[in-house]
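**Q** Contents are compact mmCIF, C-alpha atoms (C1' of nucleotides); file name upload_19.txt:
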# COMPACT_ATOMS: atom_id res chain seq x y z
CA MET V 945 17.01 59.81 143.98
CA ALA V 946 18.72 62.10 141.53
CA LYS V 947 17.88 60.37 138.28
CA PRO V 948 15.07 57.87 138.49
CA ARG V 949 13.98 55.88 135.53
CA TRP V 950 11.89 58.27 133.51
CA LEU V 951 8.47 57.40 132.16
CA ASP V 952 8.58 55.81 128.75
CA GLU V 953 6.27 56.75 125.92
CA ARG V 954 3.42 54.47 126.87
CA GLU V 955 3.60 55.24 130.55
CA ALA V 956 3.61 58.96 129.92
CA LEU V 957 0.58 58.60 127.70
CA LEU V 958 -1.30 56.70 130.36
CA TRP V 959 -0.35 59.23 132.99
CA ARG V 960 -1.56 62.19 131.00
CA THR V 961 -4.76 60.39 130.12
CA TRP V 962 -5.37 59.42 133.70
CA LEU V 963 -4.79 62.94 135.00
CA ARG V 964 -7.06 64.36 132.43
CA LEU V 965 -9.79 61.85 133.10
CA ASN V 966 -9.57 62.49 136.81
CA GLN V 967 -9.98 66.14 136.11
CA GLU V 968 -12.82 65.95 133.65
CA LEU V 969 -15.07 63.14 134.76
CA PRO V 970 -15.60 64.32 138.34
CA SER V 971 -16.08 67.82 137.04
CA VAL V 972 -18.77 66.83 134.56
CA LEU V 973 -20.55 64.70 137.11
CA GLU V 974 -20.49 67.43 139.72
CA GLN V 975 -21.89 69.90 137.28
CA GLN V 976 -24.62 67.47 136.42
CA ILE V 977 -25.59 67.00 140.06
CA SER V 978 -25.39 70.68 140.80
CA ARG V 979 -27.36 71.72 137.77
CA ASP V 980 -30.36 69.56 138.41
CA SER V 981 -30.47 69.37 142.16
CA GLY V 982 -28.53 72.30 143.58
CA LEU V 983 -26.29 69.95 145.52
CA SER V 984 -22.53 70.04 145.29
CA GLY V 985 -20.46 66.89 145.04
CA ALA V 986 -19.52 67.35 148.66
CA ASP V 987 -23.15 67.65 149.70
CA TYR V 988 -23.90 64.50 147.81
CA ALA V 989 -21.03 62.65 149.44
CA VAL V 990 -22.34 63.57 152.87
CA LEU V 991 -25.96 62.79 152.13
CA VAL V 992 -25.42 59.35 150.63
CA PRO V 993 -24.22 57.62 153.81
CA LEU V 994 -26.88 59.42 155.79
CA SER V 995 -29.59 58.25 153.43
CA GLU V 996 -28.36 54.68 153.78
CA SER V 997 -28.35 54.68 157.56
CA PRO V 998 -31.40 53.60 159.59
CA GLU V 999 -32.51 56.93 161.01
CA GLY V 1000 -30.98 59.14 158.37
CA MET V 1001 -28.51 59.94 161.09
CA LEU V 1002 -24.89 59.11 161.77
CA ARG V 1003 -22.33 60.09 164.26
CA ALA V 1004 -19.80 62.48 162.74
CA ARG V 1005 -17.05 59.96 163.36
CA GLU V 1006 -18.84 57.30 161.34
CA LEU V 1007 -19.61 59.71 158.58
CA ARG V 1008 -15.95 60.61 158.36
CA ARG V 1009 -15.03 56.99 158.21
CA GLU V 1010 -17.33 56.49 155.26
CA ILE V 1011 -16.18 59.36 153.14
CA LEU V 1012 -12.60 59.67 154.38
CA TRP V 1013 -12.70 63.33 155.19
CA ASP V 1014 -10.71 65.45 157.54
CA ARG V 1015 -12.43 66.32 160.83
CA SER V 1016 -12.29 69.96 160.10
CA ARG V 1017 -13.63 69.64 156.62
CA LEU V 1018 -16.66 67.75 157.79
CA SER V 1019 -17.31 70.18 160.59
CA HIS V 1020 -17.15 73.18 158.28
CA HIS V 1021 -19.21 71.55 155.60
CA VAL V 1022 -21.89 70.34 157.99
CA ARG V 1023 -22.17 73.84 159.36
CA ARG V 1024 -22.76 75.17 155.86
CA MET V 1025 -25.24 72.42 155.03
CA GLU V 1026 -27.03 73.10 158.28
CA LYS V 1027 -27.41 76.71 157.29
CA ARG V 1028 -29.05 75.56 154.09
CA GLY V 1029 -31.39 73.26 155.94
CA LEU V 1030 -30.06 69.97 154.56
CA VAL V 1031 -28.92 68.51 157.88
CA VAL V 1032 -29.03 69.29 161.58
CA ARG V 1033 -26.53 68.64 164.31
CA GLU V 1034 -27.59 67.02 167.55
CA GLU V 1035 -25.60 65.99 170.52
CA CYS V 1036 -24.61 62.41 171.03
CA ALA V 1037 -26.18 60.52 173.90
CA GLU V 1038 -23.49 57.91 174.55
CA ASP V 1039 -20.48 60.13 174.10
CA GLY V 1040 -20.37 63.68 175.34
CA ARG V 1041 -17.84 64.68 172.72
CA GLY V 1042 -19.74 63.25 169.82
CA ALA V 1043 -21.99 65.01 167.38
CA MET V 1044 -24.78 63.42 165.46
CA VAL V 1045 -25.54 64.58 161.96
CA ARG V 1046 -29.13 64.09 160.94
CA MET V 1047 -30.62 64.53 157.52
CA THR V 1048 -33.64 66.78 157.38
CA VAL V 1049 -36.73 66.10 155.33
CA SER V 1050 -35.55 68.57 152.76
CA GLY V 1051 -32.14 66.92 152.78
CA ARG V 1052 -33.68 63.57 151.98
CA ALA V 1053 -35.78 65.13 149.28
CA ALA V 1054 -32.66 66.61 147.74
CA ILE V 1055 -30.71 63.38 147.62
CA THR V 1056 -33.71 61.40 146.46
CA GLY V 1057 -34.19 63.82 143.64
CA ALA V 1058 -30.55 63.92 142.70
CA ALA V 1059 -29.63 60.25 142.78
CA PRO V 1060 -31.39 58.96 139.67
CA GLY V 1061 -29.89 61.62 137.44
CA HIS V 1062 -26.50 61.03 138.91
CA VAL V 1063 -26.63 57.30 138.38
CA ALA V 1064 -27.78 57.88 134.83
CA ALA V 1065 -24.86 60.22 134.22
CA THR V 1066 -22.54 57.68 135.73
CA ARG V 1067 -23.75 55.18 133.19
CA ARG V 1068 -23.63 57.54 130.29
CA TYR V 1069 -20.13 58.78 130.94
CA PHE V 1070 -18.58 55.68 132.36
CA PHE V 1071 -20.25 52.32 132.60
CA ASP V 1072 -21.84 52.35 129.18
CA LEU V 1073 -18.36 52.51 127.71
CA LEU V 1074 -17.02 49.51 129.60
CA SER V 1075 -17.43 45.84 128.91
CA ASP V 1076 -18.15 43.48 131.78
CA GLU V 1077 -14.60 42.18 131.68
CA GLU V 1078 -13.22 45.68 131.80
CA VAL V 1079 -15.26 46.44 134.89
CA ASP V 1080 -13.60 43.54 136.65
CA GLU V 1081 -10.15 44.36 135.36
CA LEU V 1082 -10.36 47.97 136.45
CA THR V 1083 -11.60 46.96 139.86
CA ALA V 1084 -8.70 44.58 140.29
CA VAL V 1085 -6.12 47.14 139.26
CA PHE V 1086 -7.57 49.94 141.36
CA GLU V 1087 -7.81 47.76 144.42
CA ARG V 1088 -4.23 46.71 144.00
CA VAL V 1089 -3.07 50.33 143.77
CA LEU V 1090 -5.24 51.33 146.71
CA ALA V 1091 -3.97 48.52 148.87
CA ASN V 1092 -0.40 49.53 148.21
CA LEU V 1093 -1.29 53.14 148.91
CA GLU V 1094 -2.71 52.33 152.29
CA ARG V 1095 0.19 50.12 153.18
CA ASN V 1096 2.59 52.98 152.55
CA GLY V 1097 1.52 56.54 151.92
CA GLY V 1098 -1.46 56.34 154.25
CA ARG V 1099 -2.27 59.23 156.50
CA GLU V 1100 -4.93 59.55 159.15
CA GLY V 1101 -8.21 60.93 157.94
CA GLY V 1102 -6.90 61.48 154.47
CA PRO V 1103 -7.67 64.91 153.24
CA GLY V 1104 -7.85 64.75 149.55
CA GLY V 1105 -9.54 65.64 146.35
CA ASP V 1106 -13.22 65.83 146.21
CA ALA V 1107 -15.48 62.85 145.69
CA VAL V 1108 -18.70 63.10 143.81
CA ARG V 1109 -19.99 59.79 145.01
CA MET D 425 -35.47 59.69 134.15
CA ALA D 426 -37.28 58.71 137.28
CA LYS D 427 -35.95 55.20 137.75
CA PRO D 428 -32.77 54.47 135.86
CA ARG D 429 -31.14 51.09 136.01
CA TRP D 430 -29.30 51.06 139.29
CA LEU D 431 -25.68 49.98 139.63
CA ASP D 432 -25.27 46.30 140.23
CA GLU D 433 -22.92 44.82 142.79
CA ARG D 434 -19.80 44.82 140.62
CA GLU D 435 -20.42 48.23 139.18
CA ALA D 436 -20.96 49.75 142.58
CA LEU D 437 -17.73 48.19 143.80
CA LEU D 438 -15.79 49.64 140.91
CA TRP D 439 -17.34 53.03 141.44
CA ARG D 440 -16.49 53.18 145.11
CA THR D 441 -12.98 52.00 144.41
CA TRP D 442 -12.51 54.54 141.70
CA LEU D 443 -13.76 57.41 143.84
CA ARG D 444 -11.54 56.39 146.64
CA LEU D 445 -8.50 56.06 144.44
CA ASN D 446 -9.16 59.48 142.95
CA GLN D 447 -9.24 60.88 146.39
CA GLU D 448 -6.18 59.17 147.78
CA LEU D 449 -3.65 58.94 144.99
CA PRO D 450 -3.59 62.63 144.03
CA SER D 451 -3.50 63.51 147.68
CA VAL D 452 -0.48 61.35 148.40
CA LEU D 453 1.34 62.58 145.33
CA GLU D 454 0.65 66.21 146.15
CA GLN D 455 1.91 65.76 149.64
CA GLN D 456 5.04 64.17 148.28
CA ILE D 457 5.73 67.06 145.92
CA SER D 458 4.93 69.65 148.51
CA ARG D 459 7.00 68.03 151.21
CA ASP D 460 10.21 67.85 149.27
CA SER D 461 10.03 70.84 147.00
CA GLY D 462 7.60 73.32 148.46
CA LEU D 463 5.53 73.26 145.28
CA SER D 464 1.84 72.52 145.26
CA GLY D 465 0.29 70.24 142.69
CA ALA D 466 -1.09 73.30 140.97
CA ASP D 467 2.35 74.91 140.82
CA TYR D 468 3.72 71.75 139.34
CA ALA D 469 0.98 71.58 136.74
CA VAL D 470 1.79 75.11 135.63
CA LEU D 471 5.54 74.69 135.60
CA VAL D 472 5.64 71.47 133.58
CA PRO D 473 4.37 72.91 130.29
CA LEU D 474 6.54 75.97 130.79
CA SER D 475 9.61 73.83 131.32
CA GLU D 476 8.86 71.95 128.11
CA SER D 477 8.47 75.05 125.99
CA PRO D 478 11.41 76.60 124.13
CA GLU D 479 11.90 79.78 126.11
CA GLY D 480 10.34 78.60 129.33
CA MET D 481 7.53 80.87 128.31
CA LEU D 482 3.99 80.38 127.05
CA ARG D 483 1.08 82.55 126.33
CA ALA D 484 -1.57 82.19 129.01
CA ARG D 485 -3.98 80.88 126.43
CA GLU D 486 -1.64 78.06 125.48
CA LEU D 487 -0.93 77.25 129.06
CA ARG D 488 -4.63 76.97 129.72
CA ARG D 489 -5.05 74.69 126.77
CA GLU D 490 -2.39 72.38 128.15
CA ILE D 491 -3.69 72.05 131.65
CA LEU D 492 -7.39 72.65 131.01
CA TRP D 493 -7.87 75.32 133.59
CA ASP D 494 -10.37 78.06 133.89
CA ARG D 495 -9.16 81.54 132.87
CA SER D 496 -9.72 82.91 136.27
CA ARG D 497 -8.00 80.10 138.04
CA LEU D 498 -4.87 80.52 135.99
CA SER D 499 -4.86 84.26 136.47
CA HIS D 500 -5.18 84.00 140.23
CA HIS D 501 -2.65 81.25 140.49
CA VAL D 502 -0.08 82.96 138.30
CA ARG D 503 -0.42 86.08 140.40
CA ARG D 504 0.37 84.06 143.51
CA MET D 505 3.24 82.26 141.83
CA GLU D 506 4.58 85.59 140.66
CA LYS D 507 4.57 86.84 144.21
CA ARG D 508 6.66 83.84 145.16
CA GLY D 509 9.10 84.46 142.33
CA LEU D 510 8.37 81.30 140.35
CA VAL D 511 7.09 83.03 137.21
CA VAL D 512 6.70 86.49 135.78
CA ARG D 513 4.03 87.96 133.57
CA GLU D 514 4.96 89.91 130.47
CA GLU D 515 2.81 91.47 127.84
CA CYS D 516 2.26 89.74 124.57
CA ALA D 517 3.77 91.34 121.50
CA GLU D 518 1.43 89.97 118.82
CA ASP D 519 -1.81 90.30 120.70
CA GLY D 520 -2.60 93.26 122.90
CA ARG D 521 -4.92 91.22 125.07
CA GLY D 522 -2.52 88.40 125.65
CA ALA D 523 -0.28 87.76 128.61
CA MET D 524 2.90 85.77 128.53
CA VAL D 525 3.86 83.65 131.49
CA ARG D 526 7.57 83.12 131.86
CA MET D 527 9.35 80.80 134.23
CA THR D 528 12.03 82.43 136.32
CA VAL D 529 15.38 80.88 137.09
CA SER D 530 14.14 79.94 140.51
CA GLY D 531 10.99 78.50 138.96
CA ARG D 532 13.03 76.24 136.77
CA ALA D 533 15.17 75.23 139.69
CA ALA D 534 12.05 74.30 141.61
CA ILE D 535 10.59 72.09 138.92
CA THR D 536 13.94 70.51 138.14
CA GLY D 537 14.36 69.66 141.76
CA ALA D 538 10.83 68.35 142.17
CA ALA D 539 10.46 66.23 139.06
CA PRO D 540 12.66 63.23 139.91
CA GLY D 541 11.01 62.66 143.24
CA HIS D 542 7.61 63.00 141.70
CA VAL D 543 8.34 60.53 138.95
CA ALA D 544 9.70 58.12 141.52
CA ALA D 545 6.53 58.45 143.56
CA THR D 546 4.49 57.93 140.44
CA ARG D 547 6.29 54.65 139.92
CA ARG D 548 6.07 53.55 143.48
CA TYR D 549 2.37 54.22 143.85
CA PHE D 550 1.18 53.45 140.36
CA PHE D 551 3.33 52.05 137.59
CA ASP D 552 5.18 49.52 139.67
CA LEU D 553 1.84 47.86 140.34
CA LEU D 554 0.84 47.54 136.71
CA SER D 555 1.88 45.02 134.12
CA ASP D 556 2.74 46.18 130.62
CA GLU D 557 -0.53 44.83 129.30
CA GLU D 558 -2.47 46.63 131.98
CA VAL D 559 -0.83 49.91 131.04
CA ASP D 560 -2.14 49.51 127.53
CA GLU D 561 -5.55 48.33 128.63
CA LEU D 562 -6.02 51.22 131.00
CA THR D 563 -4.93 53.70 128.37
CA ALA D 564 -7.44 52.30 125.93
CA VAL D 565 -10.31 52.43 128.39
CA PHE D 566 -9.51 55.90 129.65
CA GLU D 567 -9.17 57.31 126.19
CA ARG D 568 -12.50 55.84 125.24
CA VAL D 569 -14.17 57.42 128.25
CA LEU D 570 -12.43 60.73 127.64
CA ALA D 571 -13.40 60.81 124.00
CA ASN D 572 -17.03 60.27 124.89
CA LEU D 573 -16.76 62.91 127.56
CA GLU D 574 -15.50 65.51 125.15
CA ARG D 575 -18.06 64.61 122.56
CA ASN D 576 -20.85 65.25 125.03
CA GLY D 577 -20.29 66.77 128.44
CA GLY D 578 -17.55 69.07 127.21
CA ARG D 579 -17.45 72.59 128.50
CA GLU D 580 -15.11 75.39 127.53
CA GLY D 581 -12.01 75.66 129.61
CA GLY D 582 -13.13 72.94 131.92
CA PRO D 583 -12.80 73.87 135.52
CA GLY D 584 -12.20 70.72 137.38
CA GLY D 585 -10.44 68.86 140.07
CA ASP D 586 -6.83 69.46 140.58
CA ALA D 587 -4.14 67.69 138.65
CA VAL D 588 -0.85 66.85 140.22
CA ARG D 589 0.88 66.23 136.94
C1' DC O 233 -13.98 103.54 109.15
C1' DC O 234 -17.56 101.44 111.96
C1' DA O 235 -20.71 98.56 114.77
C1' DG O 236 -21.24 94.13 116.39
C1' DT O 237 -19.32 89.94 118.22
C1' DG O 238 -16.13 86.85 120.19
C1' DT O 239 -11.81 86.32 122.75
C1' DT O 240 -8.52 87.17 126.34
C1' DG O 241 -7.23 88.15 130.77
C1' DC O 242 -8.20 90.42 135.28
C1' DT O 243 -10.76 91.31 139.57
C1' DG O 244 -13.83 90.94 143.80
C1' DA O 245 -17.07 88.15 146.18
C1' DT O 246 -17.91 83.93 147.89
C1' DA O 247 -17.46 79.00 148.94
C1' DC O 248 -14.36 75.55 150.05
C1' DG O 249 -10.23 72.77 152.01
C1' DT O 250 -6.29 72.64 155.07
C1' DC O 251 -3.69 73.66 158.95
C1' DA O 252 -2.73 74.69 163.80
C1' DA O 253 -4.66 75.50 168.07
C1' DC O 254 -8.09 74.53 171.23
C1' DA O 255 -11.77 72.59 174.65
C1' DA O 256 -14.27 68.89 176.36
C1' DA O 257 -15.03 64.31 177.21
C1' DA O 258 -13.30 59.57 177.45
C1' DG O 259 -9.95 56.24 178.32
C1' DT O 260 -5.66 54.60 181.08
C1' DG O 261 -2.39 53.58 184.62
C1' DG O 262 -0.85 54.63 189.01
C1' DC M 1290 -9.50 59.33 192.82
C1' DC M 1291 -5.93 61.67 190.08
C1' DA M 1292 -2.68 62.99 186.56
C1' DC M 1293 -1.87 61.82 181.82
C1' DT M 1294 -2.89 60.76 177.20
C1' DT M 1295 -6.10 60.04 173.36
C1' DT M 1296 -10.14 60.88 170.87
C1' DT M 1297 -13.62 63.94 169.10
C1' DG M 1298 -15.38 67.96 167.30
C1' DT M 1299 -14.99 73.06 166.73
C1' DT M 1300 -12.94 77.37 165.37
C1' DG M 1301 -10.06 81.11 162.94
C1' DA M 1302 -6.65 82.04 159.62
C1' DC M 1303 -5.01 81.27 155.36
C1' DG M 1304 -4.47 79.58 150.55
C1' DT M 1305 -7.09 78.19 146.89
C1' DA M 1306 -11.12 77.45 143.31
C1' DT M 1307 -15.27 79.16 141.18
C1' DC M 1308 -18.46 82.47 139.51
C1' DA M 1309 -20.17 86.77 137.55
C1' DG M 1310 -18.87 90.91 135.71
C1' DC M 1311 -15.69 93.81 133.42
C1' DA M 1312 -12.34 96.15 130.15
C1' DA M 1313 -9.28 95.80 126.42
C1' DC M 1314 -8.37 94.12 122.24
C1' DA M 1315 -9.08 91.43 117.75
C1' DC M 1316 -11.83 90.05 114.08
C1' DT M 1317 -15.66 90.27 110.84
C1' DG M 1318 -18.94 92.14 107.54
C1' DG M 1319 -20.81 96.10 106.08
Output the structure of this file as structure tokens.

**A**
Amino acid sequence: MAKPRWLDEREALLWRTWLRLNQELPSVLEQQISRDSGLSGADYAVLVPLSESPEGMLRARELRREILWDRSRLSHHVRRMEKRGLVVREECAEDGRGAMVRMTVSGRAAITGAAPGHVAATRRYFFDLLSDEEVDELTAVFERVLANLERNGGREGGPGGDAVR
Amino acid sequence: MAKPRWLDEREALLWRTWLRLNQELPSVLEQQISRDSGLSGADYAVLVPLSESPEGMLRARELRREILWDRSRLSHHVRRMEKRGLVVREECAEDGRGAMVRMTVSGRAAITGAAPGHVAATRRYFFDLLSDEEVDELTAVFERVLANLERNGGREGGPGGDAVR
DNA sequence: CCAGTGTTGCTGATACGTCAACAAAAGTGG
DNA sequence: CCACTTTTGTTGACGTATCAGCAACACTGG
């Protein structure tokens, strides 16, 4: 693996652009969420699946499956969110190990307040700049890359960069 | 801004895919770098511009401009890298405030050793899955989004997610 | 020369993510 | 039923990122 084929001009340009976009877009969106709702991107990521589930409650394992977080990360973050009154932990009836994470009233209020602004920002900074065809093309490419990633480089829970969601 | 147009089916799919890719791809690449060179993605991001500059040395300000980091982040990270012997700080001749960051011999060895494997991984997980046309299409789309981002949402140094580079 | 202003980099406090180690419960095969 | 393994969630330690505040310097107009 001493001397692999280097990136050519066009590839290098794409790579730099991609890295930069991945740095800037999530950052701007997180700031937007945080500024007008006090939630972090991580908070948002946790609250979204909860808000979509029947009781506003999910087992930690399910939550992790949705957002692809490390066990430890979720545990720590839920503890912090609990301290802020956004969620509560309850014990799981069917499985003695399990932990249920339930959204509080104030948690639901937070996500309900934050979502519209976030979707609007998503449009303004992303979807408004894409044609319908481009939406489909990007989806196809990303899914292809993701599929390959999971076939090979996949790890268990997949710690990783933050997701605004 | 109470009720913005929600994301339709296809848009939501793209968004989820994008978030997931942004979480997984950088994570896999960072692990790859770290595993076979002991460098973190952040180390790599710092060392690349240094390795491309004439003396292996840049003023902190320039370095920040290249990688779009916060002042504080760079300062902290350079301190840690200095402790590990990858770079050294020197004072800037022309500007009394300035700080020069210089790559050490061992720093250059590290990046030289890490780069080929990283480029190979970049190919395996990204470029090998794209056609030539797709490379150009993606570049065009990303640049459009980035340009809009900098026109509006731009902040100063731009703290943001990590870049593997 | 000076006061005012912006820039540059550093630091300490705090929040966050990752890792290794752990405990408890559940599953599994004898 | 009993050892053994796996799954699940928690914790503490550590490295890292962000934020507010600071000090030193540079630049500008008077």

**Q** Using all atoms listed in the file, find the residues of chain D whose closest atom to chain M is at most 7 Å away, then write them as a PDB file with C-alpha atoms, in the frame of the given file.

**A**
ATOM      1  CA  ARG D 497      -8.000  80.100 138.040  1.00  0.00           C
ATOM      2  CA  GLY D 520      -2.600  93.260 122.900  1.00  0.00           C
ATOM      3  CA  ARG D 521      -4.920  91.220 125.070  1.00  0.00           C
TER       4      ARG D 521
END

**Q** In Å, with one decimal, what is the gap from CA of Ile491 in chain D to CA of Phe551 in chain D?

**A**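 It comes out at 22.0 Å.
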
**Q** Determine the nearest neighbour of chain O from the options D:Thr528, D:Ser496, D:Ser477, D:Asn446, counting all atoms listed in the file.

**A**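 Among the listed residues, the smallest separation from chain O belongs to D:Ser496.
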
**Q** So what do you get for CA of Ala517 in chain D versus C1' of DC233 in chain O, distance-wise?

**A**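 A separation of 24.8 Å between them.
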
**Q** Taking all atoms listed in the file into account, report as a PyMOL selection string which residues of chain V lie within 12 Å of chain O.

**A** chain V and resi 984-987+1013-1021+1024-1025+1036+1038-1042+1102-1106

**Q** In Å, rounded to a single decimal, give me how far CA of Glu974 in chain V is from CA of Glu955 in chain V.

**A** 28.5 Å

**Q** Fewer than 2 positions away in the same chain doesn't count, so skip those; otherwise give me all residues within 8 Å of Leu449 in chain D, counting all atoms listed in the file, as a PyMOL selection string.

**A** (chain V and resi 1090+1093) or (chain D and resi 445-447+451-453+549)

**Q** Between D:Ile535, D:Leu463, D:Met481, D:Leu553, which is the closest to Glu1087 in chain V once you count all atoms listed in the file?

**A** D:Leu553

**Q** Looking at V:Glu953, V:Glu1077, V:Glu1035, V:Glu968, which one is nearest to chain D, with distances taken over all atoms listed in the file?

**A**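 Smallest distance to chain D is found for V:Glu968.
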
**Q** Missing atoms in range 1053-1074 of chain V should be modelled up to N, CA and C atoms and reported as an mmCIF file, in the frame of the given file.

**A**
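Result saved to result-v1.cif:
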data_model
loop_
_atom_site.group_PDB
_atom_site.id
_atom_site.type_symbol
_atom_site.label_atom_id
_atom_site.label_comp_id
_atom_site.auth_asym_id
_atom_site.auth_seq_id
_atom_site.Cartn_x
_atom_site.Cartn_y
_atom_site.Cartn_z
ATOM 1 N N ALA V 1053 -35.146 64.810 150.564
ATOM 2 C CA ALA V 1053 -35.780 65.130 149.280
ATOM 3 C C ALA V 1053 -34.707 65.459 148.236
ATOM 4 N N ALA V 1054 -33.715 66.206 148.671
ATOM 5 C CA ALA V 1054 -32.660 66.610 147.740
ATOM 6 C C ALA V 1054 -31.910 65.414 147.192
ATOM 7 N N ILE V 1055 -31.493 64.518 148.077
ATOM 8 C CA ILE V 1055 -30.710 63.380 147.620
ATOM 9 C C ILE V 1055 -31.574 62.417 146.803
ATOM 10 N N THR V 1056 -32.810 62.264 147.208
ATOM 11 C CA THR V 1056 -33.710 61.400 146.460
ATOM 12 C C THR V 1056 -33.930 61.933 145.048
ATOM 13 N N GLY V 1057 -34.022 63.228 144.961
ATOM 14 C CA GLY V 1057 -34.190 63.820 143.640
ATOM 15 C C GLY V 1057 -32.947 63.761 142.797
ATOM 16 N N ALA V 1058 -31.795 63.817 143.455
ATOM 17 C CA ALA V 1058 -30.550 63.920 142.700
ATOM 18 C C ALA V 1058 -30.014 62.562 142.248
ATOM 19 N N ALA V 1059 -30.268 61.536 143.040
ATOM 20 C CA ALA V 1059 -29.630 60.250 142.780
ATOM 21 C C ALA V 1059 -29.899 59.655 141.396
ATOM 22 N N PRO V 1060 -31.156 59.608 140.956
ATOM 23 C CA PRO V 1060 -31.390 58.960 139.670
ATOM 24 C C PRO V 1060 -30.616 59.616 138.532
ATOM 25 N N GLY V 1061 -30.628 60.913 138.484
ATOM 26 C CA GLY V 1061 -29.890 61.620 137.440
ATOM 27 C C GLY V 1061 -28.407 61.351 137.531
ATOM 28 N N HIS V 1062 -27.931 61.257 138.736
ATOM 29 C CA HIS V 1062 -26.500 61.030 138.910
ATOM 30 C C HIS V 1062 -26.112 59.628 138.455
ATOM 31 N N VAL V 1063 -26.928 58.663 138.820
ATOM 32 C CA VAL V 1063 -26.630 57.300 138.380
ATOM 33 C C VAL V 1063 -26.689 57.219 136.852
ATOM 34 N N ALA V 1064 -27.671 57.888 136.289
ATOM 35 C CA ALA V 1064 -27.780 57.880 134.830
ATOM 36 C C ALA V 1064 -26.531 58.481 134.193
ATOM 37 N N ALA V 1065 -26.060 59.585 134.765
ATOM 38 C CA ALA V 1065 -24.860 60.220 134.220
ATOM 39 C C ALA V 1065 -23.655 59.305 134.367
ATOM 40 N N THR V 1066 -23.612 58.630 135.494
ATOM 41 C CA THR V 1066 -22.540 57.680 135.730
ATOM 42 C C THR V 1066 -22.509 56.603 134.654
ATOM 43 N N ARG V 1067 -23.667 56.161 134.271
ATOM 44 C CA ARG V 1067 -23.750 55.180 133.190
ATOM 45 C C ARG V 1067 -23.310 55.791 131.868
ATOM 46 N N ARG V 1068 -23.867 56.929 131.587
ATOM 47 C CA ARG V 1068 -23.630 57.540 130.290
ATOM 48 C C ARG V 1068 -22.161 57.855 130.079
ATOM 49 N N TYR V 1069 -21.511 58.328 131.108
ATOM 50 C CA TYR V 1069 -20.130 58.780 130.940
ATOM 51 C C TYR V 1069 -19.107 57.749 131.336
ATOM 52 N N PHE V 1070 -19.571 56.635 131.881
ATOM 53 C CA PHE V 1070 -18.580 55.680 132.360
ATOM 54 C C PHE V 1070 -18.974 54.246 132.034
ATOM 55 N N PHE V 1071 -19.983 53.746 132.700
ATOM 56 C CA PHE V 1071 -20.250 52.320 132.600
ATOM 57 C C PHE V 1071 -20.709 51.871 131.213
ATOM 58 N N ASP V 1072 -21.399 52.727 130.514
ATOM 59 C CA ASP V 1072 -21.840 52.350 129.180
ATOM 60 C C ASP V 1072 -20.671 52.123 128.241
ATOM 61 N N LEU V 1073 -19.515 52.622 128.601
ATOM 62 C CA LEU V 1073 -18.360 52.510 127.710
ATOM 63 C C LEU V 1073 -17.462 51.346 128.095
ATOM 64 N N LEU V 1074 -17.860 50.609 129.126
ATOM 65 C CA LEU V 1074 -17.020 49.510 129.600
ATOM 66 C C LEU V 1074 -17.707 48.166 129.377
#
